[in-house]
Each structure stands twice: as structure tokens, then as C-alpha cells.
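Worksheet: the structure to be examined is printed underneath.
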Amino acid sequence: MGSGIISIMLAKKFKNAKFIAVDISQDALDIAKINIDKFGLEQRIELRLGSLLEPITEKIDYLVSNPPYIEDGVMLESNLDYEPQNALFGGEIGDEIIKALLDEVLKRDIKFFSCEMGYDQKDKITHYLRNREGRELKFYKDLANFDRGFTLKA
Ligand SMILES: C[S@@+](CC[C@H](N)C(=O)[O-])C[C@H]1O[C@@H](n2cnc3c(N)ncnc32)[C@H](O)[C@@H]1O
């Protein structure tokens with residue numbers, strides 16, 4: 001979640017949809033609230049504190065995530081110094097949070113999941129989903145032509 005930018009942009013584009021935005025950080029939720037209020041979207045974006053999908057018991061039609069996905073301990077450029085660690089580092093390998101979300105998507109049978117990922121995680125994610133049943137996995141690149149995300153569709 002973070003600043004709330006993803007839910008705000010989606011709420012502006014899909015005017016009849018409602019959103020639940022989750023973050024593990026209360027500070028991030030506080031910032032998101034300021035931004036959501038600024039755009040007058042507080043009736044359509046509900047903020048919840050917690051880890052991954054744990055605070056959501058409702059049926060999810062479409063899950064969108066920009067999770068932390070960098071390997072713990074990697075030295076980053078100094079322009080990322082201001083970022084909180086839990087916004088960047090995804091675990092010992094880096095893709096642990098993405099895989100945990102994929103497990104939830106399959107367990108809850110969420111029909112659509114779009115997610116940002118690291119430029120070097122395409123093969124690992126493809127391998128992780130090798131036994132997916134009847135789901136379509138499509139990767140996309142960022143503007144610098146790096147692999148940067150995927151959509152998993154039932
Ligand atoms: C890369 S940032 C997302 C930035 C967001 N797209 C924005 O523009 O602000 C990752 C976010 O995931 C949150 N986060 C980290 N681990 C989490 C977890 N287990 N469950 C929920 N949120 C988590 C962090 O607090 C951070 O706000």
C-alpha cells in the first residue's frame with residue numbers, strides 16, 4: 001500500500017469499484033489517509049492495518065500489490081535511503097512476500113492478481129506457478145524495459 005497511490009489511481013479510473021487497502025505500517029496508512037482524503041475518495045477506499053491479506057475476510061475480485069521484493073541486505077542507491085526498510089526488503093531471497101501473496105490468491109481463488117516484482121524474479125515466479133491450474137500468467141516490463149510485474153488470471 002504505502003502512499004495509497006495505487007488504490008487512489010484505481011478508484012479514480014474505476015468509479016463504481018470499492019477498495020480495501022492494506023499495509024503493515026500505521027505510518028504508511030496515515031500518509032495514505034491524507035492522500036485519499038485529498039482526492040475525496042474516503043467513501044470508496046477503506047484502510048486496514050495488517051499483514052498481507054490477513055485483515056480481509058471479504059471475497060476479493062481483484063488483488064493489486066506493490067510489495068517489498070528486494071533481497072535482505074542488498075546495498076541500494078542513496079536516493080532510496082529515505083524509504084522505510086519494510087517498504088523495500090522482501091526477505092532472505094526477496095520474493096517471499098510475492099510468493100505468500102500467490103499462495104493466498106490460489107487458496108482464496110482470487111480471479112485476478114496484478115503485482116510488481118524485481119527485474120530478476122520472472123523465472124522464479126514462473127517456476128513457483130508451474131503447477132497452476134488453468135491460470136494465465138502474463139509479465140510486463142517497466143519503461144526502462146526491465147521485467148517489472150505480472151498479472152495472474154484465472
Ligand atoms: C514498495 S512499498 C509500496 C509503495 C506504494 N506503492 C506507494 O506508492 O507508496 C511496500 C509497502 O508494503 C508494506 N508492507 C511490507 N510488508 C507488508 C506486509 N507483510 N503486509 C502488508 N504490507 C506490507 C510496506 O509498509 C510498504 O508501505
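Quick note on naming: the chains in the C-alpha cells go A, B, ... in the order shown, residues restart at 1 in each chain, and ligands are numbered from 1 in order of appearance.
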
Each residue of chain A with at least one atom at most 10 Å from ligand 1 should appear once, together with its nearest atom pair and the corresponding distance in Å (one decimal); atoms considered: only C-alpha atoms and all ligand atoms; ordering: chain, then increasing residue number; output as JSON lines.
{"residue": "A:Met1", "atom": "CA", "partner": "ligand 1", "partner_atom_place_in_ligand_line": "5 (C)", "distance": 4.8}
{"residue": "A:Gly2", "atom": "CA", "partner": "ligand 1", "partner_atom_place_in_ligand_line": "27 (O)", "distance": 3.3}
{"residue": "A:Ser3", "atom": "CA", "partner": "ligand 1", "partner_atom_place_in_ligand_line": "9 (O)", "distance": 3.5}
{"residue": "A:Gly4", "atom": "CA", "partner": "ligand 1", "partner_atom_place_in_ligand_line": "9 (O)", "distance": 5.7}
{"residue": "A:Ile5", "atom": "CA", "partner": "ligand 1", "partner_atom_place_in_ligand_line": "8 (O)", "distance": 5.0}
{"residue": "A:Ile6", "atom": "CA", "partner": "ligand 1", "partner_atom_place_in_ligand_line": "6 (N)", "distance": 5.9}
{"residue": "A:Ser7", "atom": "CA", "partner": "ligand 1", "partner_atom_place_in_ligand_line": "6 (N)", "distance": 8.8}
{"residue": "A:Ile8", "atom": "CA", "partner": "ligand 1", "partner_atom_place_in_ligand_line": "8 (O)", "distance": 10.0}
{"residue": "A:Ala21", "atom": "CA", "partner": "ligand 1", "partner_atom_place_in_ligand_line": "21 (C)", "distance": 9.2}
{"residue": "A:Val22", "atom": "CA", "partner": "ligand 1", "partner_atom_place_in_ligand_line": "21 (C)", "distance": 5.8}
{"residue": "A:Asp23", "atom": "CA", "partner": "ligand 1", "partner_atom_place_in_ligand_line": "22 (N)", "distance": 3.7}
{"residue": "A:Ile24", "atom": "CA", "partner": "ligand 1", "partner_atom_place_in_ligand_line": "22 (N)", "distance": 4.2}
{"residue": "A:Ser25", "atom": "CA", "partner": "ligand 1", "partner_atom_place_in_ligand_line": "25 (O)", "distance": 4.7}
{"residue": "A:Gln26", "atom": "CA", "partner": "ligand 1", "partner_atom_place_in_ligand_line": "25 (O)", "distance": 8.1}
{"residue": "A:Asp27", "atom": "CA", "partner": "ligand 1", "partner_atom_place_in_ligand_line": "25 (O)", "distance": 8.1}
{"residue": "A:Ala28", "atom": "CA", "partner": "ligand 1", "partner_atom_place_in_ligand_line": "27 (O)", "distance": 5.4}
{"residue": "A:Leu29", "atom": "CA", "partner": "ligand 1", "partner_atom_place_in_ligand_line": "27 (O)", "distance": 8.0}
{"residue": "A:Ile31", "atom": "CA", "partner": "ligand 1", "partner_atom_place_in_ligand_line": "9 (O)", "distance": 8.9}
{"residue": "A:Ala32", "atom": "CA", "partner": "ligand 1", "partner_atom_place_in_ligand_line": "9 (O)", "distance": 7.9}
{"residue": "A:Arg48", "atom": "CA", "partner": "ligand 1", "partner_atom_place_in_ligand_line": "21 (C)", "distance": 9.5}
{"residue": "A:Leu49", "atom": "CA", "partner": "ligand 1", "partner_atom_place_in_ligand_line": "21 (C)", "distance": 7.8}
{"residue": "A:Gly50", "atom": "CA", "partner": "ligand 1", "partner_atom_place_in_ligand_line": "21 (C)", "distance": 5.9}
{"residue": "A:Ser51", "atom": "CA", "partner": "ligand 1", "partner_atom_place_in_ligand_line": "20 (N)", "distance": 3.4}
{"residue": "A:Leu52", "atom": "CA", "partner": "ligand 1", "partner_atom_place_in_ligand_line": "20 (N)", "distance": 3.8}
{"residue": "A:Leu53", "atom": "CA", "partner": "ligand 1", "partner_atom_place_in_ligand_line": "20 (N)", "distance": 7.3}
{"residue": "A:Glu54", "atom": "CA", "partner": "ligand 1", "partner_atom_place_in_ligand_line": "20 (N)", "distance": 8.3}
{"residue": "A:Pro55", "atom": "CA", "partner": "ligand 1", "partner_atom_place_in_ligand_line": "21 (C)", "distance": 9.5}
{"residue": "A:Val64", "atom": "CA", "partner": "ligand 1", "partner_atom_place_in_ligand_line": "6 (N)", "distance": 9.8}
{"residue": "A:Ser65", "atom": "CA", "partner": "ligand 1", "partner_atom_place_in_ligand_line": "6 (N)", "distance": 7.5}
{"residue": "A:Asn66", "atom": "CA", "partner": "ligand 1", "partner_atom_place_in_ligand_line": "3 (C)", "distance": 5.0}
{"residue": "A:Pro67", "atom": "CA", "partner": "ligand 1", "partner_atom_place_in_ligand_line": "10 (C)", "distance": 4.5}
{"residue": "A:Pro68", "atom": "CA", "partner": "ligand 1", "partner_atom_place_in_ligand_line": "10 (C)", "distance": 4.8}
{"residue": "A:Tyr69", "atom": "CA", "partner": "ligand 1", "partner_atom_place_in_ligand_line": "1 (C)", "distance": 7.8}
{"residue": "A:Ile70", "atom": "CA", "partner": "ligand 1", "partner_atom_place_in_ligand_line": "1 (C)", "distance": 9.5}
{"residue": "A:Glu83", "atom": "CA", "partner": "ligand 1", "partner_atom_place_in_ligand_line": "2 (S)", "distance": 8.6}
{"residue": "A:Pro84", "atom": "CA", "partner": "ligand 1", "partner_atom_place_in_ligand_line": "25 (O)", "distance": 7.5}
{"residue": "A:Gln85", "atom": "CA", "partner": "ligand 1", "partner_atom_place_in_ligand_line": "24 (C)", "distance": 8.2}
{"residue": "A:Asn86", "atom": "CA", "partner": "ligand 1", "partner_atom_place_in_ligand_line": "15 (C)", "distance": 4.9}
{"residue": "A:Ala87", "atom": "CA", "partner": "ligand 1", "partner_atom_place_in_ligand_line": "26 (C)", "distance": 3.7}
{"residue": "A:Leu88", "atom": "CA", "partner": "ligand 1", "partner_atom_place_in_ligand_line": "1 (C)", "distance": 5.5}
{"residue": "A:Phe89", "atom": "CA", "partner": "ligand 1", "partner_atom_place_in_ligand_line": "15 (C)", "distance": 8.0}
{"residue": "A:Gly90", "atom": "CA", "partner": "ligand 1", "partner_atom_place_in_ligand_line": "16 (N)", "distance": 7.3}
{"residue": "A:Gly91", "atom": "CA", "partner": "ligand 1", "partner_atom_place_in_ligand_line": "16 (N)", "distance": 9.7}
{"residue": "A:Glu96", "atom": "CA", "partner": "ligand 1", "partner_atom_place_in_ligand_line": "19 (N)", "distance": 9.7}
{"residue": "A:Ile97", "atom": "CA", "partner": "ligand 1", "partner_atom_place_in_ligand_line": "19 (N)", "distance": 6.7}
{"residue": "A:Ile98", "atom": "CA", "partner": "ligand 1", "partner_atom_place_in_ligand_line": "19 (N)", "distance": 9.8}
{"residue": "A:Ala100", "atom": "CA", "partner": "ligand 1", "partner_atom_place_in_ligand_line": "19 (N)", "distance": 9.0}
{"residue": "A:Leu101", "atom": "CA", "partner": "ligand 1", "partner_atom_place_in_ligand_line": "19 (N)", "distance": 9.3}
{"residue": "A:Glu116", "atom": "CA", "partner": "ligand 1", "partner_atom_place_in_ligand_line": "1 (C)", "distance": 8.7}
{"residue": "A:Met117", "atom": "CA", "partner": "ligand 1", "partner_atom_place_in_ligand_line": "1 (C)", "distance": 9.7}

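Taking segment 24-56 of chain A and asking which residues DSSP calls alpha helix (DSSP H) on the backbone, you get Gln26, Asp27, Ala28, Leu29, Asp30, Ile31, Ala32, Lys33, Ile34, Asn35, Ile36, Asp37 and Lys38 of chain A.
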
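Between atom CA of Phe39 of chain A and atom CA of Met9 of chain A there is a distance of 9.9 Å.
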
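The closest residue to Asp147 of chain A, picked from A:Leu47, A:Met75, A:Ile125, A:Ile36 and counting only C-alpha atoms, is A:Ile125.
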
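Coordinates place atom CA of Thr57 of chain A at a distance of 24.2 Å from atom CA of Asp95 of chain A.
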
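Here atom CA of Glu104 of chain A is placed at a distance of 11.2 Å from atom CA of Ile56 of chain A.
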
- Item | Selection: 9 Å around Ala17 of chain A, only C-alpha atoms, excl. self and same-chain fewer than 6 positions, as a PyMOL selection string | chain A and resi 10-11+44

Export of prior selection with N, CA and C atoms as a PDB file, in the first residue's frame:
ATOM      1  N   LEU A  10      -6.606   3.678  -9.041  1.00  0.00           N
ATOM      2  CA  LEU A  10      -7.639   2.715  -9.461  1.00  0.00           C
ATOM      3  C   LEU A  10      -9.034   3.248  -9.153  1.00  0.00           C
ATOM      4  N   ALA A  11      -9.178   3.888  -7.987  1.00  0.00           N
ATOM      5  CA  ALA A  11     -10.502   4.414  -7.622  1.00  0.00           C
ATOM      6  C   ALA A  11     -10.920   5.538  -8.571  1.00  0.00           C
ATOM      7  N   ARG A  44     -14.767   5.308  -0.747  1.00  0.00           N
ATOM      8  CA  ARG A  44     -14.546   4.137  -1.617  1.00  0.00           C
ATOM      9  C   ARG A  44     -13.246   3.391  -1.339  1.00  0.00           C
TER      10      ARG A  44
END

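For Arg135 of chain A, the list of residues within 7 Å, based on only C-alpha atoms and with local chain neighbours fewer than 5 positions off taken out, reads A:Leu152, A:Lys153, A:Ala154.
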
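Nearest residue to Ser114 of chain A among A:Asp72, A:Asp61, A:Glu133, A:Glu92 is A:Asp61, counting only C-alpha atoms.
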
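Counting only C-alpha atoms and comparing A:Lys141, A:Phe14, A:Asn131, A:Ile45, the residue that lies closest to Lys33 of chain A is A:Ile45.
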
- Closest to Val74 of chain A among A:Ile93, A:Asp109, A:Ile20, A:Ala144, using only C-alpha atoms? A:Ile93

- strand (DSSP E) per DSSP on the backbone: members of segment 4-153 of chain A, as a VMD selection string: chain A and resid 19 to 23 45 to 49 62 to 65 70 to 71 89 to 91 112 to 116 136 to 141 147 to 153

- Residue nearest Phe150 of chain A among A:Glu71, A:Asp123, A:Asp30, A:Glu77 (counting only C-alpha atoms): A:Asp123

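Comparing A:Asp142, A:Leu102, A:Asn16, A:Tyr119 by their smallest distance to Leu63 of chain A, the closest is A:Leu102 (using only C-alpha atoms).
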